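Participant: Questions regarding the structure given below will be posed in turn.
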Amino acid sequence: RVLGLTQLKPAIQIFASIIRHNKSMASSVDQGDNIKYILVTGGVISGIGKGIISSSLGTLLKACGYRVTSIKIDPYINIDAGTFSPYEHGEVYVLDDGAEVDLDLGNYERYLDVTLHRDNNITTGKIYQQVINKERRGDFLGKTVQVVPHITDAVQEWVQRVARVPVDSSDQIPQICIVELGGVIGDIESMPFVEAFRQFQFNVGVNRFACIHVSLVPEPRTTGEQKTKPTQMSVRELRALGLSPHLLACRCATPLNQSAADKLAMFCHVAPAQVINVPDANSLYKVPIMLKDQGVHHFLLRHFQLDCGGPPTHVSLDDWHELAKRDAQALDEVHIGIVGKYVKFPDAYTSITKALEHACLDANLTLRIEYINSEDLEQGVGGERRVAYHNAWQRLCSAQGIIVPGGFGDRGVEGKINAIDWCRKMHRPFLGICLGMQCAVIEFARNVLGWRDANSTEFSKDTQHPVVIDMPEFNPGDMGGTMRLGKRRTTFVVDQSVSTVRRLYKNAPYVEERHRHRFEVNPKMVDELEQQGLRFTGRDGERMEILELAEHPYFVGVQFHPEYLSRPMRPSPVFTGLVLAVSGGLQKRHRMRLLSEQRSIDTEQVQLVDRVKALDGPSSTSAIVGGEGDVDNQ
């Protein structure tokens with residue numbers, strides 16, 4: 001049928017509109033819907049190193065010029081990690097937005113140097129809560145809500161949504177998303193997630209999805225032979241659930257021998273080049289290098305049909321080579337004691353340990369950590385505890401510097417206060433974090449001001465001298481997510497000439513660090529404390545954030561958690577200060593920084609004079625170097 005021009009014009013306009021819409025959608029796909037996904041699963045045992053391998057893989061891909069983000073899936077029913085005991089899963093890591101998450105997200109942030117968000121941590125509790133809320137609103141239109149498809153669809157939608165969120169300073173959509181599935185393949189609680197990714201691989205396309213299976217290759221002492229059967233069975237279970245690994249990362253005590261690698265390739269349905277050797281290493285900074293040497297990035301980029309060689313968006317692996325070299329060649333040792341109540345499980349202090357490592361690498365020092373149970377430092381113990389008491393004090397006295405970290409509850413608090421009292425009197429470098437700072441205030445009030453009953457209202461509601469009190473916004477009902485959480489600004493209220501911490505932060509007017517606490521220093525008692533020499537040099541309004549003690553080599557307390565923002569290439573200043581104070585290099589570092597600043601000022605003055613000469617001739621030079629008024633006029 002022939003149409004007249006008047007009839008054809010609206011059709012042409014509609015057709016042009018459709019073309020513009022399709023171009024817009026194609027552009028959207030290029031920017032956000034073409035993300036590549038890498039699923040990292042674990043086999044045989046948990047705690048095998050999936051987090052470190054995921055982080056190292058992300059570091060390697062960033063060095064190839066790609067923007068990388070990470071997601072951690074925890075199959076437990078808890079909404080988040082905020083109410084966990086440190087003995088359950090180690091420390092609770094806090095993000096900028098206040099999310100309390102699994103410690104693996106700390107590994108991601110440290111290795112990738114990115115800022116993750118609360119939705120980068122998925123739990124069974126979050127997924128089920130989201131689906132149940134939709135059901136209560138009637139979003140499913142009366143349908144029966146089931147694990148498949150509703151739970152599995154929710155998992156896929158969550159992953160795709162979070163993968164598009166920028167996590168670095170470029171503020172651009174990531175190009176690769178690494179998803180770590182916690183636990184072990186075969187766990188009943190992780191079955192919905194495995195099924196979700198079985199569907200996911202087909203929904204996004206084979207060239208946009210890869211699976212890396214991390215499995216243990218044990219080596220029994222009785223035989224000295226590497227056993228591949230546990231990994232074979234784990235891969236068989238994974239394939240029975242609908243996922244086939246593209247790479248098989250073999251964790252072993254010693255390097256995987258060729259016969260074991262060939263056997264794994266044969267029975268796990270992968271090529272020999274896809275069997276990756278990840279033996280125990282004396283430094284975790286070698287893991288990205290280990291993956292690079294085996295060409296992991298080349299395999300993945302070929303699989304994803306990507307080109308390697310774009311401009312790097314992160315530090316090159318040369319910096320990681322340098323870190324590993326420093327770690328191996330440092331000769332001088334610093335001995336740091338961590339006085340806490342969860343020391344039987346060192347993962348409870350993972351970020352503190354890492355922050356100390358970063359500071360020691362920066363200062364070319366070797367780190368030795370002594371974990372000291374604060375309960376063993378308390379007076380009045382008898383019987384079998386008497387031996388533990390003397391051993392604990394012996395270890396405390398042998399340490400060159402002391403850290404008192406955060407915690408909750410009154411168990412072991414008196415031991416922490418005793419350790420701080422010893423550090424103050426013996427002029428031993430000390431760093432108190434969160435509860436550690438509050439204990440320093442209690443100790444000072446008791447032993448300097450003479451308030452023998454000084455305490456925190458967390459431990460004693462009836463004290464006559466509540467130097468630490470609960471915050472007004474503290475919710476005494478629900479425990480999860482009711483603290484002061486996330487990144488907050490702390491403003492320095494004194495000059496760097498009287499504040500060691502401000503000098504460590506390069507004379508910045510303020511710092512932004514992450515918090516996790518329910519109690520704070522009582523602002524009504526600050527004046528009396530400061531009159532006796534305890535300086536609160538950093539504050540957030542009426543909240544005391546940083547304390548320092550005059551006439552002490554290094555006595556620092558911070559209400560925030562500086563360990564959460566420490567990075568291998570950018571260590572936390574307060575940890576660096578502690579390490580330098582122990583090694584005797586703190587004052588030298590300050591002098592070097594001041595000299596560098598003076599040279600920078602001198603260079604700027606010379607450049608200014610040269611610019612004036614070029615513009616106005618030699619007559620203006622006398623004015624620029626003349627009196628104060630002349631400088632202002634110029």
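By order of appearance in the structure tokens: chains A, B, ..., then residues from 1 within every chain, and ligands from 1 in the order shown.
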Extract, using only C-alpha atoms, all DNA, RNA and protein residues at most 12 Å from Asp307 (chain A), discarding same-chain residues fewer than 3 positions from it, and format them as a ChimeraX atom specification.
Facilitator: /A:61,64-66,297-304,310-311
Participant: Can I get the selected residues back with all heavy atoms, as a compact mmCIF listing (two decimals), in the first residue's frame?
Facilitator:
# COMPACT_ATOMS: atom_id res chain seq x y z
N LEU A 61 44.38 -7.83 37.53
CA LEU A 61 43.55 -7.31 36.44
C LEU A 61 43.56 -5.78 36.41
O LEU A 61 43.48 -5.17 35.34
CB LEU A 61 42.12 -7.85 36.58
CG LEU A 61 41.98 -9.36 36.36
CD1 LEU A 61 40.58 -9.83 36.72
CD2 LEU A 61 42.31 -9.73 34.93
N CYS A 64 46.40 -4.54 34.56
CA CYS A 64 46.22 -4.65 33.12
C CYS A 64 45.40 -3.49 32.56
O CYS A 64 45.16 -3.43 31.35
CB CYS A 64 45.54 -5.97 32.77
SG CYS A 64 46.59 -7.41 33.04
N GLY A 65 44.93 -2.60 33.44
CA GLY A 65 44.22 -1.42 32.96
C GLY A 65 42.72 -1.49 33.08
O GLY A 65 42.02 -0.67 32.46
N TYR A 66 42.18 -2.42 33.87
CA TYR A 66 40.73 -2.56 33.98
C TYR A 66 40.25 -2.16 35.37
O TYR A 66 40.94 -2.36 36.37
CB TYR A 66 40.31 -4.00 33.66
CG TYR A 66 40.61 -4.36 32.23
CD1 TYR A 66 41.78 -5.04 31.89
CD2 TYR A 66 39.75 -3.97 31.20
CE1 TYR A 66 42.07 -5.34 30.57
CE2 TYR A 66 40.04 -4.27 29.88
CZ TYR A 66 41.19 -4.95 29.57
OH TYR A 66 41.50 -5.23 28.26
N HIS A 297 46.13 -13.85 34.16
CA HIS A 297 45.46 -12.70 33.54
C HIS A 297 45.30 -12.89 32.04
O HIS A 297 44.28 -12.52 31.46
CB HIS A 297 46.23 -11.42 33.85
CG HIS A 297 47.66 -11.42 33.45
ND1 HIS A 297 48.55 -12.41 33.84
CD2 HIS A 297 48.38 -10.56 32.68
CE1 HIS A 297 49.73 -12.15 33.33
NE2 HIS A 297 49.66 -11.05 32.62
N HIS A 298 46.29 -13.49 31.39
CA HIS A 298 46.19 -13.72 29.95
C HIS A 298 45.06 -14.68 29.62
O HIS A 298 44.30 -14.46 28.66
CB HIS A 298 47.51 -14.26 29.41
CG HIS A 298 48.62 -13.25 29.38
ND1 HIS A 298 48.51 -12.05 28.72
CD2 HIS A 298 49.85 -13.26 29.95
CE1 HIS A 298 49.63 -11.36 28.87
NE2 HIS A 298 50.45 -12.07 29.62
N PHE A 299 44.93 -15.73 30.41
CA PHE A 299 43.84 -16.69 30.16
C PHE A 299 42.48 -16.02 30.31
O PHE A 299 41.60 -16.17 29.46
CB PHE A 299 43.94 -17.87 31.14
CG PHE A 299 42.76 -18.80 31.06
CD1 PHE A 299 42.74 -19.81 30.12
CD2 PHE A 299 41.67 -18.65 31.91
CE1 PHE A 299 41.63 -20.66 30.02
CE2 PHE A 299 40.57 -19.49 31.82
CZ PHE A 299 40.55 -20.50 30.87
N LEU A 300 42.30 -15.25 31.39
CA LEU A 300 41.01 -14.62 31.64
C LEU A 300 40.68 -13.57 30.59
O LEU A 300 39.54 -13.47 30.13
CB LEU A 300 40.98 -14.00 33.03
CG LEU A 300 40.95 -15.00 34.21
CD1 LEU A 300 41.13 -14.27 35.53
CD2 LEU A 300 39.64 -15.78 34.20
N LEU A 301 41.67 -12.78 30.20
CA LEU A 301 41.41 -11.74 29.21
C LEU A 301 41.10 -12.33 27.84
O LEU A 301 40.27 -11.79 27.09
CB LEU A 301 42.60 -10.79 29.12
CG LEU A 301 42.87 -9.97 30.40
CD1 LEU A 301 44.13 -9.13 30.25
CD2 LEU A 301 41.68 -9.08 30.73
N ARG A 302 41.74 -13.46 27.51
CA ARG A 302 41.38 -14.14 26.27
C ARG A 302 39.96 -14.70 26.35
O ARG A 302 39.18 -14.61 25.40
CB ARG A 302 42.37 -15.27 25.97
CG ARG A 302 43.70 -14.82 25.41
CD ARG A 302 44.46 -16.00 24.79
NE ARG A 302 44.66 -17.08 25.75
CZ ARG A 302 45.73 -17.19 26.53
NH1 ARG A 302 46.70 -16.27 26.46
NH2 ARG A 302 45.86 -18.19 27.37
N HIS A 303 39.64 -15.27 27.50
CA HIS A 303 38.29 -15.83 27.69
C HIS A 303 37.23 -14.73 27.58
O HIS A 303 36.17 -14.94 26.99
CB HIS A 303 38.20 -16.52 29.05
CG HIS A 303 36.83 -17.00 29.40
ND1 HIS A 303 36.27 -18.12 28.83
CD2 HIS A 303 35.89 -16.50 30.25
CE1 HIS A 303 35.05 -18.30 29.31
NE2 HIS A 303 34.80 -17.34 30.17
N PHE A 304 37.52 -13.57 28.16
CA PHE A 304 36.58 -12.45 28.12
C PHE A 304 36.66 -11.64 26.83
O PHE A 304 35.91 -10.69 26.64
CB PHE A 304 36.84 -11.51 29.30
CG PHE A 304 36.46 -12.09 30.64
CD1 PHE A 304 37.25 -11.84 31.76
CD2 PHE A 304 35.34 -12.89 30.79
CE1 PHE A 304 36.91 -12.37 32.99
CE2 PHE A 304 34.99 -13.41 32.02
CZ PHE A 304 35.78 -13.15 33.12
N GLY A 310 46.03 -1.72 28.27
CA GLY A 310 45.51 -0.37 28.46
C GLY A 310 46.29 0.35 29.54
O GLY A 310 47.09 -0.25 30.25
N PRO A 311 46.05 1.64 29.69
CA PRO A 311 46.77 2.40 30.73
C PRO A 311 46.41 1.88 32.11
O PRO A 311 45.24 1.68 32.43
CB PRO A 311 46.26 3.83 30.53
CG PRO A 311 44.96 3.68 29.82
CD PRO A 311 45.08 2.46 28.97
Participant: Just list the residues in region 251-431 of chain A DSSP gives strand (DSSP E) on the backbone, as a list in words.
Facilitator: Arg251, Cys252, Val275, Ile276, Asn277, Val278, Pro279, Glu333, Val334, His335, Ile336, Gly337, Ile338, Val339, Gly340, Thr366, Leu367, Arg368, Ile369, Glu370, Tyr371, Ile372, Asn373, Gly401, Ile402, Ile403, Val404, Phe430 and Leu431 of chain A
Participant: Take the residues from that selection and write them out as a PDB file, in the first residue's frame, keeping C-alpha atoms.
Facilitator:
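The result, stored in part-v8.pdb:
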ATOM      1  CA  ARG A 251      46.409 -24.626  47.543  1.00  0.00           C
ATOM      2  CA  CYS A 252      49.223 -26.727  48.887  1.00  0.00           C
ATOM      3  CA  VAL A 275      45.738 -25.774  36.838  1.00  0.00           C
ATOM      4  CA  ILE A 276      47.199 -22.941  38.913  1.00  0.00           C
ATOM      5  CA  ASN A 277      49.855 -23.614  41.529  1.00  0.00           C
ATOM      6  CA  VAL A 278      49.281 -21.553  44.720  1.00  0.00           C
ATOM      7  CA  PRO A 279      51.605 -22.934  47.425  1.00  0.00           C
ATOM      8  CA  GLU A 333      62.954  -5.855  63.942  1.00  0.00           C
ATOM      9  CA  VAL A 334      60.265  -4.133  65.980  1.00  0.00           C
ATOM     10  CA  HIS A 335      58.450  -6.038  68.695  1.00  0.00           C
ATOM     11  CA  ILE A 336      54.835  -4.921  69.185  1.00  0.00           C
ATOM     12  CA  GLY A 337      52.490  -6.277  71.841  1.00  0.00           C
ATOM     13  CA  ILE A 338      48.722  -6.381  71.211  1.00  0.00           C
ATOM     14  CA  VAL A 339      46.857  -6.440  74.529  1.00  0.00           C
ATOM     15  CA  GLY A 340      43.339  -7.696  73.877  1.00  0.00           C
ATOM     16  CA  THR A 366      60.526  -6.562  60.269  1.00  0.00           C
ATOM     17  CA  LEU A 367      57.462  -7.022  62.454  1.00  0.00           C
ATOM     18  CA  ARG A 368      57.129  -9.378  65.403  1.00  0.00           C
ATOM     19  CA  ILE A 369      53.758  -9.398  67.159  1.00  0.00           C
ATOM     20  CA  GLU A 370      53.136 -10.607  70.697  1.00  0.00           C
ATOM     21  CA  TYR A 371      49.482 -11.348  71.480  1.00  0.00           C
ATOM     22  CA  ILE A 372      48.851 -10.786  75.196  1.00  0.00           C
ATOM     23  CA  ASN A 373      45.594 -11.777  76.887  1.00  0.00           C
ATOM     24  CA  GLY A 401      55.503  -0.846  71.812  1.00  0.00           C
ATOM     25  CA  ILE A 402      51.941  -1.626  72.899  1.00  0.00           C
ATOM     26  CA  ILE A 403      48.592  -1.493  71.106  1.00  0.00           C
ATOM     27  CA  VAL A 404      45.329  -1.749  73.055  1.00  0.00           C
ATOM     28  CA  PHE A 430      51.485   3.246  73.166  1.00  0.00           C
ATOM     29  CA  LEU A 431      48.540   3.348  70.746  1.00  0.00           C
TER      30      LEU A 431
END
Participant: Can you check which parts of region 258-354 of chain A lie within 8 Å of region 31-55 of chain A? Per residue, the shortest pair of atoms and distance in Å to one decimal, counting only C-alpha atoms, sorted by chain and number, as a tab-separated table.
Facilitator:
residue	atom	partner	partner_atom	distance
A:Leu284	CA	A:Ile52	CA	7.8
A:Val287	CA	A:Ile53	CA	7.2
A:Pro288	CA	A:Ile53	CA	7.9
A:Phe304	CA	A:Lys36	CA	7.0
Participant: Considering only C-alpha atoms, return as a list in words whatever protein or nucleic-acid residues lie within 12 Å of Ser497 (chain A), sequence-local ones (same chain, fewer than 3 positions apart) excluded.
Facilitator: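 Everything that qualifies: Phe492, Val493, Val494, Thr500, Val501, Arg502, Arg503, Leu504, Lys506, Asn507, Thr537, Ala550, His590 and Leu594 of chain A.
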Participant: Please identify all polymer residues within 8 Å of Ala260 (chain A), counting only C-alpha atoms, omitting same-chain residues fewer than 4 positions from it, and present them as a list in words.
Facilitator: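 Once the adjacent positions are removed, what remains is Gln226, Lys227, Thr228, Leu256 and Leu264 of chain A.
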Participant: Please produce a file of those selected residues containing N, CA, C and O atoms, as a short mmCIF file (atom, residue, chain, number, x, y, z; two decimals), in the first residue's frame.
Facilitator:
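Below is the file part-v8.cif, written as the result:
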data_model
loop_
_atom_site.label_atom_id
_atom_site.label_comp_id
_atom_site.auth_asym_id
_atom_site.auth_seq_id
_atom_site.Cartn_x
_atom_site.Cartn_y
_atom_site.Cartn_z
N GLN A 226 51.51 -35.65 47.45
CA GLN A 226 50.38 -34.74 47.27
C GLN A 226 49.17 -35.53 46.78
O GLN A 226 49.23 -36.22 45.77
N LYS A 227 48.05 -35.40 47.52
CA LYS A 227 46.84 -36.16 47.24
C LYS A 227 45.85 -35.30 46.47
O LYS A 227 45.45 -34.23 46.93
N THR A 228 45.45 -35.78 45.30
CA THR A 228 44.55 -35.01 44.44
C THR A 228 43.09 -35.42 44.58
O THR A 228 42.21 -34.73 44.06
N LEU A 256 53.05 -27.47 43.73
CA LEU A 256 52.39 -28.62 43.13
C LEU A 256 53.32 -29.28 42.11
O LEU A 256 53.83 -28.62 41.21
N LEU A 264 45.20 -33.84 38.05
CA LEU A 264 44.07 -32.94 38.28
C LEU A 264 43.48 -32.46 36.96
O LEU A 264 42.25 -32.37 36.81
#
Participant: Could you name the residues that touch Ala273 (chain A) at 10 Å or less, counting only C-alpha atoms, but leaving out those on the same chain fewer than 2 positions away, as a PyMOL selection string?
Facilitator: chain A and resi 247-248+261-262+265+270-271+275-276+294-296+299
Participant: Deliver the residues from the most recent selection as a file, using C-alpha atoms, as an mmCIF file, in the first residue's frame.
Facilitator:
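What ended up in result_12.cif:
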data_model
loop_
_atom_site.group_PDB
_atom_site.id
_atom_site.type_symbol
_atom_site.label_atom_id
_atom_site.label_comp_id
_atom_site.auth_asym_id
_atom_site.auth_seq_id
_atom_site.Cartn_x
_atom_site.Cartn_y
_atom_site.Cartn_z
ATOM 1 C CA LEU A 247 40.706 -22.303 36.402
ATOM 2 C CA LEU A 248 41.644 -24.642 39.239
ATOM 3 C CA ALA A 261 48.931 -31.240 38.164
ATOM 4 C CA ASP A 262 48.534 -33.619 35.211
ATOM 5 C CA ALA A 265 43.836 -31.726 34.680
ATOM 6 C CA VAL A 270 40.525 -28.683 32.523
ATOM 7 C CA ALA A 271 43.623 -28.173 30.412
ATOM 8 C CA VAL A 275 45.738 -25.774 36.838
ATOM 9 C CA ILE A 276 47.199 -22.941 38.913
ATOM 10 C CA GLN A 294 51.474 -18.382 35.575
ATOM 11 C CA GLY A 295 49.588 -16.219 33.060
ATOM 12 C CA VAL A 296 46.262 -16.173 34.874
ATOM 13 C CA PHE A 299 43.841 -16.689 30.164
#
Participant: Residues of region 377-607 of chain A in helix (DSSP H, G or I) according to DSSP, as a PyMOL selection string?
Facilitator: chain A and resi 377+384-398+413-426+435-447+500-504+523-531+562-565+573-583+586-607
Participant: For region 513-522 of chain A, please output as JSON, numbers by chain all residues within 9 Å (counting only C-alpha atoms; exclusion window: fewer than 6 positions along the same chain).
Facilitator: {"A": [94, 95, 96, 97, 98, 100, 406, 434, 435, 437, 438, 441, 456, 457, 458, 466, 467, 468, 469, 470, 471, 473, 474, 475, 482, 483, 484, 485, 486, 487, 488, 489, 490, 543, 544, 545, 559, 560, 561, 562, 563, 564, 565]}
Participant: Excluding region 125-137 of chain A and its own-chain neighbours fewer than 6 positions away, which residues fall within 9 Å of it when counting only C-alpha atoms? Please give them as a ChimeraX atom specification.
Facilitator: /A:75-80,143,145,150-151,154-155,158
Participant: Emit the selected residues as a short mmCIF file (atom, residue, chain, number, x, y, z; two decimals), in the first residue's frame, including N, CA, C and O atoms.
Facilitator:
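Final file, part_14.cif:
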data_model
loop_
_atom_site.label_atom_id
_atom_site.label_comp_id
_atom_site.auth_asym_id
_atom_site.auth_seq_id
_atom_site.Cartn_x
_atom_site.Cartn_y
_atom_site.Cartn_z
N PRO A 75 26.97 -17.19 53.20
CA PRO A 75 25.70 -17.92 53.20
C PRO A 75 24.97 -17.96 54.56
O PRO A 75 23.93 -18.60 54.65
N TYR A 76 25.51 -17.29 55.59
CA TYR A 76 24.80 -17.35 56.88
C TYR A 76 23.55 -16.46 56.85
O TYR A 76 23.42 -15.56 56.02
N ILE A 77 22.64 -16.72 57.79
CA ILE A 77 21.34 -16.05 57.79
C ILE A 77 21.43 -14.67 58.45
O ILE A 77 20.52 -13.86 58.29
N ASN A 78 22.50 -14.36 59.15
CA ASN A 78 22.65 -13.03 59.72
C ASN A 78 22.51 -11.96 58.64
O ASN A 78 22.96 -12.15 57.50
N ILE A 79 21.93 -10.82 59.01
CA ILE A 79 21.81 -9.71 58.05
C ILE A 79 23.19 -9.16 57.72
O ILE A 79 23.51 -8.86 56.56
N ASP A 80 24.04 -9.00 58.74
CA ASP A 80 25.42 -8.57 58.51
C ASP A 80 26.29 -9.16 59.62
O ASP A 80 25.82 -9.95 60.45
N LYS A 143 1.67 -15.09 43.69
CA LYS A 143 2.35 -16.33 43.33
C LYS A 143 3.00 -16.98 44.56
O LYS A 143 3.30 -16.32 45.55
N VAL A 145 5.96 -18.07 46.55
CA VAL A 145 7.35 -17.61 46.59
C VAL A 145 8.24 -18.80 46.93
O VAL A 145 8.08 -19.44 47.96
N HIS A 150 12.55 -17.24 42.82
CA HIS A 150 12.55 -15.93 43.46
C HIS A 150 13.85 -15.62 44.20
O HIS A 150 14.39 -14.52 44.07
N ILE A 151 14.35 -16.56 44.97
CA ILE A 151 15.62 -16.33 45.69
C ILE A 151 16.78 -16.25 44.70
O ILE A 151 17.64 -15.35 44.77
N ALA A 154 16.75 -13.02 42.86
CA ALA A 154 17.17 -11.91 43.72
C ALA A 154 18.69 -11.84 43.82
O ALA A 154 19.28 -10.76 43.83
N VAL A 155 19.33 -13.01 43.90
CA VAL A 155 20.80 -13.05 43.97
C VAL A 155 21.39 -12.47 42.68
O VAL A 155 22.31 -11.63 42.72
N TRP A 158 20.90 -8.71 42.44
CA TRP A 158 21.76 -8.01 43.40
C TRP A 158 23.17 -7.89 42.84
O TRP A 158 23.79 -6.82 42.87
#
Participant: Sorted by chain and rising residue number, list the residues of region 63-101 of chain A at most 7 Å from region 172-178 of chain A (counting only C-alpha atoms), each with its closest atom pair and distance in Å to one decimal, as a tab-separated table.
Facilitator:
residue	atom	partner	partner_atom	distance
A:Tyr66	CA	A:Gln175	CA	6.2
A:Arg67	CA	A:Pro174	CA	4.7
A:Val68	CA	A:Ile176	CA	4.9
A:Thr69	CA	A:Cys177	CA	4.9
A:Ser70	CA	A:Ile178	CA	4.7
A:Ile71	CA	A:Ile178	CA	6.2
Participant: Between region 94-160 of chain A and region 190-200 of chain A, at 10 Å or less, what are the per-residue closest atom pairs and their distances in Å? Count only C-alpha atoms, order by chain and rising residue number, and return it as JSON lines.
Facilitator:
{"residue": "A:Thr124", "atom": "CA", "partner": "A:Ser190", "partner_atom": "CA", "distance": 8.5}
{"residue": "A:Val147", "atom": "CA", "partner": "A:Pro192", "partner_atom": "CA", "distance": 6.9}
{"residue": "A:Val148", "atom": "CA", "partner": "A:Pro192", "partner_atom": "CA", "distance": 8.0}
{"residue": "A:Pro149", "atom": "CA", "partner": "A:Ala196", "partner_atom": "CA", "distance": 8.7}
{"residue": "A:His150", "atom": "CA", "partner": "A:Ala196", "partner_atom": "CA", "distance": 10.0}
{"residue": "A:Ile151", "atom": "CA", "partner": "A:Pro192", "partner_atom": "CA", "distance": 7.2}
{"residue": "A:Thr152", "atom": "CA", "partner": "A:Ala196", "partner_atom": "CA", "distance": 4.5}
{"residue": "A:Asp153", "atom": "CA", "partner": "A:Ala196", "partner_atom": "CA", "distance": 6.9}
{"residue": "A:Ala154", "atom": "CA", "partner": "A:Ala196", "partner_atom": "CA", "distance": 8.7}
{"residue": "A:Val155", "atom": "CA", "partner": "A:Ala196", "partner_atom": "CA", "distance": 6.5}
{"residue": "A:Gln156", "atom": "CA", "partner": "A:Ala196", "partner_atom": "CA", "distance": 6.4}
{"residue": "A:Glu157", "atom": "CA", "partner": "A:Phe200", "partner_atom": "CA", "distance": 9.7}
{"residue": "A:Val159", "atom": "CA", "partner": "A:Phe200", "partner_atom": "CA", "distance": 9.8}
{"residue": "A:Gln160", "atom": "CA", "partner": "A:Phe200", "partner_atom": "CA", "distance": 9.8}
Participant: Kindly indicate which residue among A:Pro272, A:Gly436, A:Pro472, A:Pro571 lies nearest to Tyr505 (chain A), using only C-alpha atoms for the distances.
Facilitator: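 Of all the options, A:Pro571 lies closest to Tyr505 (chain A).
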Participant: Restricting the calculation to only C-alpha atoms, which member of A:Lys292, A:Arg446, A:Arg326, A:Lys286 is positioned closest to Lys62 (chain A)?
Facilitator: A:Lys292
Participant: Pick out the closest residue to Arg567 (chain A) from this set: A:Val204, A:Leu181, A:Leu361, A:Leu549. Count only C-alpha atoms.
Facilitator: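 Smallest separation from Arg567 (chain A) among the options: A:Leu361.
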Participant: How far is it from CA of Gly409 (chain A) to CA of Ala99 (chain A), in Å with one decimal?
Facilitator: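 Atom-to-atom, CA of Gly409 (chain A) to CA of Ala99 (chain A), that is 21.5 Å.
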Participant: Hey, can you check how far CA of Val114 (chain A) sits from CA of Gly58 (chain A)?
Facilitator: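 Taking CA of Val114 (chain A) and CA of Gly58 (chain A), their separation equals 10.7 Å.
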Participant: Rank nothing, just name the residue among A:Leu377, A:Val579, A:Ile185, A:Val92 nearest to Ser215 (chain A), using only C-alpha atoms.
Facilitator: A:Ile185
